[in-house]
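Structure, as structure tokens:
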Amino acid sequence: MEEIDFSTIEKKWQGKWEAAKIFEASDQSEKPKYYVLEMFPYPSGSGLHMGHAWNYTIGDILARYKIMNGFNVMHPMGYDALGLPAENAAIKAGTHPEDYNKKSIQNYIKQQRELGLSYDWSRILSTDDPKYYRWDQWIFLKMLEKGLAYQKTSAVNWCPECETVLANEQVQDGKCWRHEDTDVNIKHLKQWFFKITEYADELYENLDNMDWPDKTKAMQKNWIGKSHGTEIDFEINNETWTVFTTRPDTIFGVTFVVVSAQHKKLMELVTEERTKNIKEFLKNLGSISEKELADMEKLGVFTGSYAINPANGEKIPVYAGNFVVADYGSGMVMAVPAHDQRDFEFAKKYDIGIQAVVCPRGKEDFENFEYDIDYSRKDGKEYVLQGNSLISSGINGETTETYDNYAERIRKEIFNNTFHYRAWKSRGELIHSKQFNGLDSKKAKEKITEWLVKEDKGRKVINFKLRDWGISRQRYWGTPIPIIHCEDCGAVAVPENELPVKLPRDVTFGEGNPLETNADWINTTCPKCGNPARRETDTMDTFVNSSWYFLRYCDPNNSEKIFDEEKVKYWSPVDTYIGGAEHACMHLIYSRFYVKFLRDLGMIDFDEPAKKLFHQGMLNGEGGIKMSKSKGNVVLPETVSGKFGIDTARFFLSGLASPDKNIDWDDKGIIGSVKFVSKIFRYFENIKFADDNESVLSLLNQTIKNVSGYYDNFEYRKATIELRELFDLIDKNKASKETLGKFLQILNPICPHITEELWEKLGNDNFISTSDWPKADESKIVKKGQSGDLNDKVIESIKSIIEKVEGDFSKIYIYIMPFEISKIDSSKISDEIKKTVEVFAVNDKDKHDPQGKAKKAKPGKPSIYLE
RNA sequence: GAGGGAAUGCCGGAGUGGUCAAACGGGGCAGACUCAAAAUCUGUUAGCUUAUGCUUACGGGGGUUCGAAUCCUCCUUCCCUCACCA
């Protein structure tokens with residue numbers, strides 16, 4: 001057989017598709033719209049590898065399937081071109097980021113074109129284009145107008161490697177998201193923020209209505225961190241200080257208060273004689289990274305001040321502590337050592353009193369055994385619960401105690417405040433809590449909150465972990481923040497008609513923010529008063545650019561507006577969005593926020609950016625090793641294309657596993673797909689048409705039906721399996737021209753080039769890629785397993801048994817599924833076999849079944865016992 | 001500590017109550033064609049058998065059911081995300 005010249009075929013059809021503009025989406029169409037989007041890439045100098053190609057292919061298969069199914073499909077591509085990596089790479093290469101980027105993008109486009117992806121190239125966009133980022137600036141001004149963009153000095157995450165500030169979302173495990181070896185430091189800087197917290201509740205609550213992966217939704221919920229609790233006012237030095245708690249039921253057990261070491265007003269609490277200690281404490285904290293802070297022991301210093309517990313009027317000490325988060329709640333917590341493990345440890349360490357207020361009522365409150373195990377460890381013993389007894393084995397041999405006894409002992413200890421090893425975190429009844437004594441702790445949460453509200457000492461509140469989005473970056477290659485700082489007028493917005501504020505090309509890279517090195521750019525006049533003023537040199541976080549690009553695709557070249565509302569209304573939201581799960585708490589939250597903001601601005605009429613979200617798995621190198629240059633295992637699409645053909649690779653990767661799973665490239669494994677593709681080509685080489693037989697027709701229609709569902713649900717693997725089965729049958733039986741055409745059509749989304757080539761060979765003069773998806777004719781499908789008369793089957797079975805079995809018997813017992821019992825006619829069988837026949841349902845309690853044969857019965861296959 | 005996901009034959013990977021010793025692919029083995037094959041095709045790939053088979057098998061224990069890879073429960077292991085959030 002001749003070698004298949006994949007590369008010629010690929011080029012041929014890519015050229016034809018482009019010339020005919022078949023993938024350019026029209027803004028007006030009779031057809032229903034469908035918007036398929038893959039997360040746009042960050043163009044790196046090293047280009048695309050097969051993993052990226054696979055990611056785009058996942059979307060491409062869907063887009064092609066939708067096109068053939070009569071949708072007006074938009075499938076665009078663009079480049080997330082602004083950002084630090086390009087800047088750093090350019091510096092390293094000794095060129096300007098702008099030039100470096102242009103080159104990278106050109107290379108990406110070339111590679112993507114060679115993959116034959118069904119992109120509408122007329123909608124291409126790049127975020128480093130001032131025509132694009134102008135609208136980033138416009139959104140910033142709108143945020144400013146609505147009070148959602150603001151400036152504040154705060155403790156921020158600083159990556160020394162990036163030399164810039166990071167958003168909370170970009171700090172992962174205390175490290176920079178781009179540098180997994182670099183600890184993030186804390187710096188105090190004046191920064192621009194977007195008030196994403198304004199939308200915290202909607203961002204949280206609306207997740208329930210979304211068709212996104214549960215995992216992603218769970219991650220976002222976790223990140224937004226909604227929790228219901230109570231705000232309680234404590235009086236300190238005649239001023240009101242508020243704490244947030246989810247355990248108002250323990251208010252009578254508060255024995256101290258801890259304020260965050262990073263709290264803005266900390267020093268107001270520190271008395272003169274304690275100032276030295278506190279300063280020293282803060283100094284020690286200042287030099288450590290956030291990660292170390294998280295691992296550190298709970299430390300604190302007494303401030304010298306006392307707070308009044310609003311519940312019982314007790315005077316309790318106020319500490320500054322390293323474990324209290326400054327910008328969650330009020331940055332101050334009430335400590336209940338008896339019922340919170342952290343507070344417990346802190347109290348033990350600093351010898352502060354412990355007051356139990358929730359007491360287990362008995363065994364039923366010991367929800368798990370955790371308390372016990374921890375408790376026992378201290379006396380060198382391990383407890384095991386066996387039946388109703390606790391067995392402990394340790395230094396003094398084995399001892400036994402009943403569980404009830406044990407529970408009672410712990411109960412007494414807690415009641416008498418003589419417990420020493422662990423806080424009681426579980427439920428129980430309230431004790432030492434005045435009028436609330438005896439209440440169940442869960443009930444007490446409400447009752448005490450109600451009481452505090454009535455006394456005007458507290459409020460019911462909802463708190464979020466989500467914090468405002470710090471967007472300032474002290475680097476060059478980002479969207480300039482459209483602000484001018486004037487000595488008299490302060491931070492003044494650049495007027496809308498002066499946008500875009502373009503990035504100056506002429507800057508010097510080195511220490512610090514390169515923008516600071518272009519005085520011509522920095523120095524300007526105040527738009528308000530006309531006096532000399534300075535431009536803001538911070539640029540925006542790269543995630544700003546990607547938060548709304550999917551809207552710009554709908555109207556990518558609009559120079560008057562951010563986009564035409566009608567066009568966005570037609571195309572949006574995205575129907576299926578495909579991208580990595582790593583964006584769950586970054587891009588995918590930010591873009592939800594942007595959509596909500598633009599909606600409230602009246603620009604759009606939907607709430608979420610994408611109806612459906614799909615996370616693709618990663619394509620690793622051979623042996624499951626992550627593809628990387630340093631490991632030398634990078635597989636390039638151009639190599640694959642030359643060796644096996646890109647369609648073969650698409651078929652292979654589709655068939656490996658579900659596209660949401662990580663898969664490994666395998667040069668040997670692809671052989672199976674090479675064989676399959678070759679087989680198809682061989683068939684078409686000397687093609688002979690034949691009338692379809694019944695089995696071919698049946699399988700064809702069955703496959704059309706099934707595969708359609710598979711393409712719709714990213715079950716590409718199942719599609720490849722059934723396509724193989726269908727073609728194997730066609731290969732054996734031969735088929736009509738029509739059947740072969742339909743086979744090519746349903747294979748087309750996975751193998752677009754070769755099916756196009758063979759479609760032409762069949763004598764078609766249209767594109768298979770835009771042809772109408774075949775319809776399954778269900779009447780042609782012959783259902784398998786529709787057996788004949790069950791009685792005949794049974795008779796046959798009995799006869800075969802009789803032939804093989806030795807010995808005499810007179811009676812035949814038949815065991816059958818309950819729902820099949822009406823299908824059996826015992827007299828018919830009896831007449832045929834000439835023996836007595838008795839029929840039982842398998843679940844008949846009174847059946848005669850000495851050998852347990854009833855268990856062996858299956859639907860359509862009764863079991864038989866001879867006696 | 002909180003949340004999410006997973007465990008299937010030599011490997012990858014389907015399978016969510018019966019027709020499951022478990023699709024499909026890879027690999028292995030045997031055979032056919034061939035001078036020969038990494039090419040193509042056929043068969044086979046838990047063990048014992050050969051009476052509708054039987055036994056052992058879908059991480060482990062227990063349970064529900066006439067019947068469990070599939071449902072419930074507990075446990076073990078692995079992966080991912082967040083993590084001092086009061």
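Numbering starts fresh at 1 for the residues of each chain in the structure tokens, the chains themselves are lettered A, B, ... in the order given, and ligands are numbered from 1 as they appear.
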Legend entry - For region 21-38 of chain B: contacts at 12 Å, only C-alpha atoms (C1' of nucleotides), fewer than 5 positions along chain excluded, given as a VMD selection string: (chain A and resid 651 to 657 666 to 673 675 to 676 717 to 725) or (chain B and resid 8 to 15 43 to 47 55 to 58 69 to 70)
Inset, instruction - Compile the contact shell of region 349-353 of chain A as a list in words: residues with an atom at most 10 Å away, counting only C-alpha atoms (C1' of nucleotides), same-chain residues fewer than 2 positions apart removed. - result: Gly253, Val254, Thr255, Phe256, Lys298, Leu299, Gly300, Val301, Phe302, Ile316, Pro317, Val336, Pro337, Ala338, Asp343, Phe344, Glu345, Phe346, Ala347, Gln355 and Asn417 of chain A
Saved selection, atoms kept: all heavy atoms, as a short mmCIF file (atom, residue, chain, number, x, y, z; two decimals), in the first residue's frame:
data_model
loop_
_atom_site.label_atom_id
_atom_site.label_comp_id
_atom_site.auth_asym_id
_atom_site.auth_seq_id
_atom_site.Cartn_x
_atom_site.Cartn_y
_atom_site.Cartn_z
N GLY A 253 -17.99 31.66 77.80
CA GLY A 253 -16.71 30.99 78.04
C GLY A 253 -15.51 31.77 77.52
O GLY A 253 -14.39 31.28 77.50
N VAL A 254 -15.77 33.00 77.07
CA VAL A 254 -14.68 33.82 76.53
C VAL A 254 -13.77 34.26 77.68
O VAL A 254 -14.22 34.88 78.63
CB VAL A 254 -15.23 35.07 75.81
CG1 VAL A 254 -14.08 35.94 75.30
CG2 VAL A 254 -16.14 34.67 74.66
N THR A 255 -12.49 33.89 77.58
CA THR A 255 -11.58 34.29 78.66
C THR A 255 -10.50 35.25 78.19
O THR A 255 -9.73 35.75 78.98
CB THR A 255 -10.92 33.07 79.31
OG1 THR A 255 -10.28 32.30 78.29
CG2 THR A 255 -11.94 32.21 80.04
N PHE A 256 -10.42 35.48 76.88
CA PHE A 256 -9.53 36.53 76.37
C PHE A 256 -9.93 36.88 74.95
O PHE A 256 -10.77 36.20 74.35
CB PHE A 256 -8.05 36.14 76.45
CG PHE A 256 -7.68 34.88 75.71
CD1 PHE A 256 -7.06 34.94 74.46
CD2 PHE A 256 -7.92 33.62 76.27
CE1 PHE A 256 -6.70 33.78 73.79
CE2 PHE A 256 -7.56 32.46 75.60
CZ PHE A 256 -6.94 32.53 74.36
N LYS A 298 1.21 29.11 67.56
CA LYS A 298 0.40 30.27 67.88
C LYS A 298 1.08 31.10 68.95
O LYS A 298 1.33 30.63 70.05
CB LYS A 298 -0.98 29.82 68.37
CG LYS A 298 -1.81 29.34 67.21
CD LYS A 298 -2.79 28.29 67.60
CE LYS A 298 -3.25 27.57 66.37
NZ LYS A 298 -2.17 26.99 65.57
N LEU A 299 1.42 32.32 68.58
CA LEU A 299 2.14 33.18 69.51
C LEU A 299 1.33 34.44 69.75
O LEU A 299 0.56 34.88 68.89
CB LEU A 299 3.50 33.58 68.93
CG LEU A 299 4.52 32.46 68.73
CD1 LEU A 299 5.75 32.99 68.03
CD2 LEU A 299 4.88 31.81 70.06
N GLY A 300 1.55 35.03 70.91
CA GLY A 300 0.85 36.27 71.19
C GLY A 300 1.54 37.04 72.29
O GLY A 300 2.41 36.52 72.98
N VAL A 301 1.13 38.30 72.40
CA VAL A 301 1.67 39.16 73.45
C VAL A 301 0.50 39.93 74.05
O VAL A 301 -0.38 40.40 73.33
CB VAL A 301 2.71 40.16 72.87
CG1 VAL A 301 3.20 41.08 73.97
CG2 VAL A 301 3.87 39.42 72.25
N PHE A 302 0.53 40.05 75.36
CA PHE A 302 -0.52 40.81 76.04
C PHE A 302 -0.37 42.29 75.70
O PHE A 302 0.72 42.83 75.74
CB PHE A 302 -0.38 40.57 77.55
CG PHE A 302 -1.39 41.32 78.38
CD1 PHE A 302 -2.73 41.35 78.01
CD2 PHE A 302 -0.99 42.00 79.54
CE1 PHE A 302 -3.66 42.03 78.78
CE2 PHE A 302 -1.92 42.69 80.30
CZ PHE A 302 -3.25 42.70 79.93
N ILE A 316 -11.52 40.77 80.69
CA ILE A 316 -10.63 39.74 80.14
C ILE A 316 -9.49 40.39 79.36
O ILE A 316 -9.65 41.46 78.77
CB ILE A 316 -11.41 38.78 79.20
CG1 ILE A 316 -12.25 39.59 78.20
CG2 ILE A 316 -12.30 37.85 80.02
CD1 ILE A 316 -12.99 38.75 77.20
N PRO A 317 -8.32 39.77 79.34
CA PRO A 317 -7.15 40.39 78.69
C PRO A 317 -7.25 40.38 77.16
O PRO A 317 -7.87 39.50 76.57
CB PRO A 317 -5.99 39.50 79.15
CG PRO A 317 -6.61 38.19 79.48
CD PRO A 317 -7.98 38.49 79.99
N VAL A 336 -12.29 31.21 73.16
CA VAL A 336 -12.98 30.34 74.09
C VAL A 336 -12.15 29.05 74.21
O VAL A 336 -12.40 28.09 73.50
CB VAL A 336 -14.40 30.01 73.60
CG1 VAL A 336 -15.16 29.23 74.68
CG2 VAL A 336 -15.15 31.26 73.21
N PRO A 337 -11.16 29.05 75.07
CA PRO A 337 -10.24 27.91 75.10
C PRO A 337 -10.91 26.58 75.41
O PRO A 337 -10.43 25.54 74.96
CB PRO A 337 -9.23 28.29 76.19
CG PRO A 337 -9.85 29.42 76.94
CD PRO A 337 -10.76 30.11 75.99
N ALA A 338 -12.01 26.61 76.11
CA ALA A 338 -12.66 25.35 76.44
C ALA A 338 -13.24 24.66 75.21
O ALA A 338 -13.40 23.45 75.18
CB ALA A 338 -13.76 25.58 77.47
N ASP A 343 -7.55 28.19 70.60
CA ASP A 343 -7.63 29.00 71.81
C ASP A 343 -7.14 28.22 73.02
O ASP A 343 -6.50 28.76 73.91
CB ASP A 343 -9.09 29.44 72.06
CG ASP A 343 -9.62 30.28 70.91
OD1 ASP A 343 -8.81 30.73 70.08
OD2 ASP A 343 -10.85 30.49 70.86
N PHE A 344 -7.43 26.92 72.99
CA PHE A 344 -7.02 26.05 74.09
C PHE A 344 -5.50 26.04 74.22
O PHE A 344 -4.94 26.24 75.30
CB PHE A 344 -7.54 24.63 73.82
CG PHE A 344 -7.29 23.66 74.93
CD1 PHE A 344 -8.17 23.56 75.98
CD2 PHE A 344 -6.15 22.85 74.92
CE1 PHE A 344 -7.94 22.65 77.02
CE2 PHE A 344 -5.92 21.95 75.94
CZ PHE A 344 -6.80 21.85 77.00
N GLU A 345 -4.85 25.84 73.08
CA GLU A 345 -3.39 25.80 73.09
C GLU A 345 -2.80 27.12 73.54
O GLU A 345 -1.84 27.18 74.30
CB GLU A 345 -2.86 25.43 71.71
CG GLU A 345 -3.00 23.94 71.42
CD GLU A 345 -2.87 23.61 69.93
OE1 GLU A 345 -2.19 24.38 69.22
OE2 GLU A 345 -3.47 22.62 69.51
N PHE A 346 -3.40 28.18 73.04
CA PHE A 346 -2.94 29.53 73.37
C PHE A 346 -3.08 29.78 74.88
O PHE A 346 -2.17 30.27 75.54
CB PHE A 346 -3.75 30.55 72.59
CG PHE A 346 -3.17 31.93 72.56
CD1 PHE A 346 -2.25 32.29 71.59
CD2 PHE A 346 -3.55 32.88 73.50
CE1 PHE A 346 -1.72 33.58 71.55
CE2 PHE A 346 -3.02 34.16 73.48
CZ PHE A 346 -2.10 34.51 72.51
N ALA A 347 -4.22 29.39 75.42
CA ALA A 347 -4.48 29.60 76.84
C ALA A 347 -3.50 28.81 77.70
O ALA A 347 -3.00 29.28 78.71
CB ALA A 347 -5.91 29.22 77.17
N GLN A 355 -12.74 28.30 80.72
CA GLN A 355 -14.08 28.19 81.30
C GLN A 355 -14.97 27.38 80.36
O GLN A 355 -15.28 27.82 79.26
CB GLN A 355 -14.68 29.58 81.51
CG GLN A 355 -16.11 29.57 82.03
CD GLN A 355 -16.24 28.84 83.36
OE1 GLN A 355 -15.58 29.19 84.34
NE2 GLN A 355 -17.07 27.80 83.39
N ASN A 417 -14.48 21.86 84.82
CA ASN A 417 -13.36 22.64 84.29
C ASN A 417 -12.00 22.02 84.57
O ASN A 417 -11.02 22.72 84.70
CB ASN A 417 -13.36 24.05 84.90
CG ASN A 417 -13.96 25.04 83.96
OD1 ASN A 417 -13.86 24.87 82.74
ND2 ASN A 417 -14.57 26.07 84.49
#
Determine, counting only C-alpha atoms (C1' of nucleotides), which protein, DNA and RNA residues have an atom within 9 Å of an atom of region 88-90 of chain A; residues of the same chain fewer than 4 positions away are not included. Present the result as an mmCIF file with C-alpha atoms, in the first residue's frame.
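For reference, around38.cif as written:
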data_model
loop_
_atom_site.group_PDB
_atom_site.id
_atom_site.type_symbol
_atom_site.label_atom_id
_atom_site.label_comp_id
_atom_site.auth_asym_id
_atom_site.auth_seq_id
_atom_site.Cartn_x
_atom_site.Cartn_y
_atom_site.Cartn_z
ATOM 1 C CA SER A 44 5.059 31.793 24.847
ATOM 2 C CA GLY A 45 8.176 31.905 22.759
ATOM 3 C CA LEU A 84 4.954 39.045 33.115
ATOM 4 C CA GLY A 94 17.450 41.100 24.894
ATOM 5 C CA THR A 95 14.468 42.321 22.912
ATOM 6 C CA HIS A 96 11.419 44.427 23.578
ATOM 7 C CA PRO A 97 8.322 42.606 24.865
ATOM 8 C CA GLU A 98 6.283 44.021 22.022
ATOM 9 C CA ASP A 99 8.552 42.508 19.382
ATOM 10 C CA TYR A 100 8.994 39.319 21.312
ATOM 11 C CA ASN A 101 5.259 38.940 21.600
ATOM 12 C CA CYS A 162 8.315 38.717 39.747
#
How close does chain A get to chain B? List, as a tab-separated table, each residue of chain A within 6 Å, its nearest atom pair and the distance in Å to one decimal, counting only C-alpha atoms (C1' of nucleotides).
residue	atom	partner	partner_atom	distance
A:Lys215	CA	B:G4	C1'	5.4
A:Thr245	CA	B:A86	C1'	5.7
A:Phe323	CA	B:C84	C1'	5.2
A:Ile721	CA	B:C24	C1'	5.7
A:Ser797	CA	B:U52	C1'	5.5
A:Ile801	CA	B:A51	C1'	5.4
A:Lys804	CA	B:A51	C1'	4.9
A:Val805	CA	B:A51	C1'	5.2
A:Val842	CA	B:C66	C1'	4.7
A:Asn843	CA	B:C66	C1'	3.9
A:Lys858	CA	B:G18	C1'	5.9
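Distances here use only C-alpha atoms; by that measure, the residue among A:Lys567, A:Leu82, A:Lys217, A:Leu503 closest to Asp555 (chain A) is A:Lys567.
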Inset, instruction - Looking only at alpha helix (DSSP H) from DSSP on the backbone, list the matching residues of region 404-490 of chain A as a PyMOL selection string. - result: chain A and resi 404-415+441-454
Inset, instruction - Grab the CA of Asp692 (chain A) to CA of Asp777 (chain A) distance for me, in Å with one decimal place. - result: 14.0 Å
Inset, instruction - Mind giving me the straight-line distance from CA of Lys195 (chain A) to CA of Asp468 (chain A) in Å, one decimal? - result: 5.0 Å
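Atom to atom, CA of Asp825 (chain A) and CA of Ile795 (chain A) stand 10.8 Å apart.
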